[in-house]
Amino acid sequence: GDGPTYISFDVDGLDPAYAPGTGTPEIGGLTTREALRLLRGLRGLDLIGGDVVEVAPPFDPSGNTALVGATLMYEILCLLAESLHQRNTN
């Protein structure tokens, strides 16, 4: 639809090869490339906010999951900024 949209990205939807630091890792999840593609595909929605959930850094000493979570949140913030810009110019 064209109504207000809130994005909530759950990191445990990613394959644990890319984000092992989550409470419920599941084999066969998305790759980080697929996750970025999915988020970027939401461009044009009337975005009002978003979050990234289930990042558990203590379960990932490498820090990869935190980096993935931060990158996904950055993408959501970029979508939000674009949405706010569109809303303010209309």
# chains A, B, ... in the order shown; residues from 1 in each chain; ligands from 1
>>> residues_around(residues="Asp10 (chain A)", least_positions_apart="6", cutoff="6 Å", atoms="only C-alpha atoms", output="ChimeraX atom specification")
/A:52-54
>>> closest_residue(among="A:Tyr74, A:Asp46, A:Leu67, A:Pro58", to="Asn88 (chain A)", atoms="only C-alpha atoms")
A:Asp46
>>> select_by_dssp(residues="chain A", states="strand (DSSP E)", output="ChimeraX atom specification")
/A:4-10,46-53
>>> closest_residue(among="A:Pro25, A:Phe9, A:Leu45, A:Thr31", to="Ala81 (chain A)", atoms="only C-alpha atoms")
A:Leu45
>>> select_by_dssp(residues="chain A", states="helix (DSSP H, G or I)", output="NGL selection string")
:A and (11-13 or 32-40 or 57-59 or 64-89)
>>> atom_distance(atom1="CA of Asp60 (chain A)", atom2="CA of Tyr18 (chain A)")
10.5 Å
>>> atom_distance(atom1="CA of Ala19 (chain A)", atom2="CA of Thr71 (chain A)")
11.9 Å
>>> closest_residue(among="A:Arg43, A:Gly21, A:Leu36, A:Met73", to="Phe59 (chain A)", atoms="only C-alpha atoms")
A:Gly21
>>> residues_around(residues="Thr24 (chain A)", least_positions_apart="4", cutoff="10 Å", atoms="only C-alpha atoms", output="PyMOL selection string")
chain A and resi 11-13+16+20+54+56
>>> closest_residue(among="A:Leu14, A:Arg87, A:Ala35, A:Gly29", to="Val55 (chain A)", atoms="only C-alpha atoms")
A:Leu14
>>> residues_around(residues="Ile7 (chain A)", least_positions_apart="4", cutoff="7 Å", atoms="only C-alpha atoms", output="list in words")
Gly49, Gly50 and Asp51 of chain A
>>> write_last_selection(atoms="N, CA, C and O atoms", output="PDB file, in the first residue's frame")
ATOM      1  N   GLY A  49       9.890   4.992  10.231  1.00  0.00           N
ATOM      2  CA  GLY A  49      10.862   4.542  11.229  1.00  0.00           C
ATOM      3  C   GLY A  49      11.307   3.122  10.952  1.00  0.00           C
ATOM      4  O   GLY A  49      10.839   2.480  10.017  1.00  0.00           O
ATOM      5  N   GLY A  50      12.242   2.661  11.776  1.00  0.00           N
ATOM      6  CA  GLY A  50      12.731   1.308  11.596  1.00  0.00           C
ATOM      7  C   GLY A  50      13.676   0.901  12.701  1.00  0.00           C
ATOM      8  O   GLY A  50      14.142   1.734  13.477  1.00  0.00           O
ATOM      9  N   ASP A  51      13.947  -0.401  12.767  1.00  0.00           N
ATOM     10  CA  ASP A  51      14.888  -0.914  13.756  1.00  0.00           C
ATOM     11  C   ASP A  51      15.523  -2.208  13.260  1.00  0.00           C
ATOM     12  O   ASP A  51      15.082  -2.793  12.276  1.00  0.00           O
TER      13      ASP A  51
END
>>> atom_distance(atom1="CA of Leu84 (chain A)", atom2="CA of Thr5 (chain A)")
12.1 Å
>>> closest_residue(among="A:Leu72, A:Gly1, A:Leu80, A:Ser8", to="Ile48 (chain A)", atoms="only C-alpha atoms")
A:Leu80
>>> closest_residue(among="A:Pro61, A:Thr22, A:Asp15, A:Gly69", to="Glu34 (chain A)", atoms="only C-alpha atoms")
A:Asp15
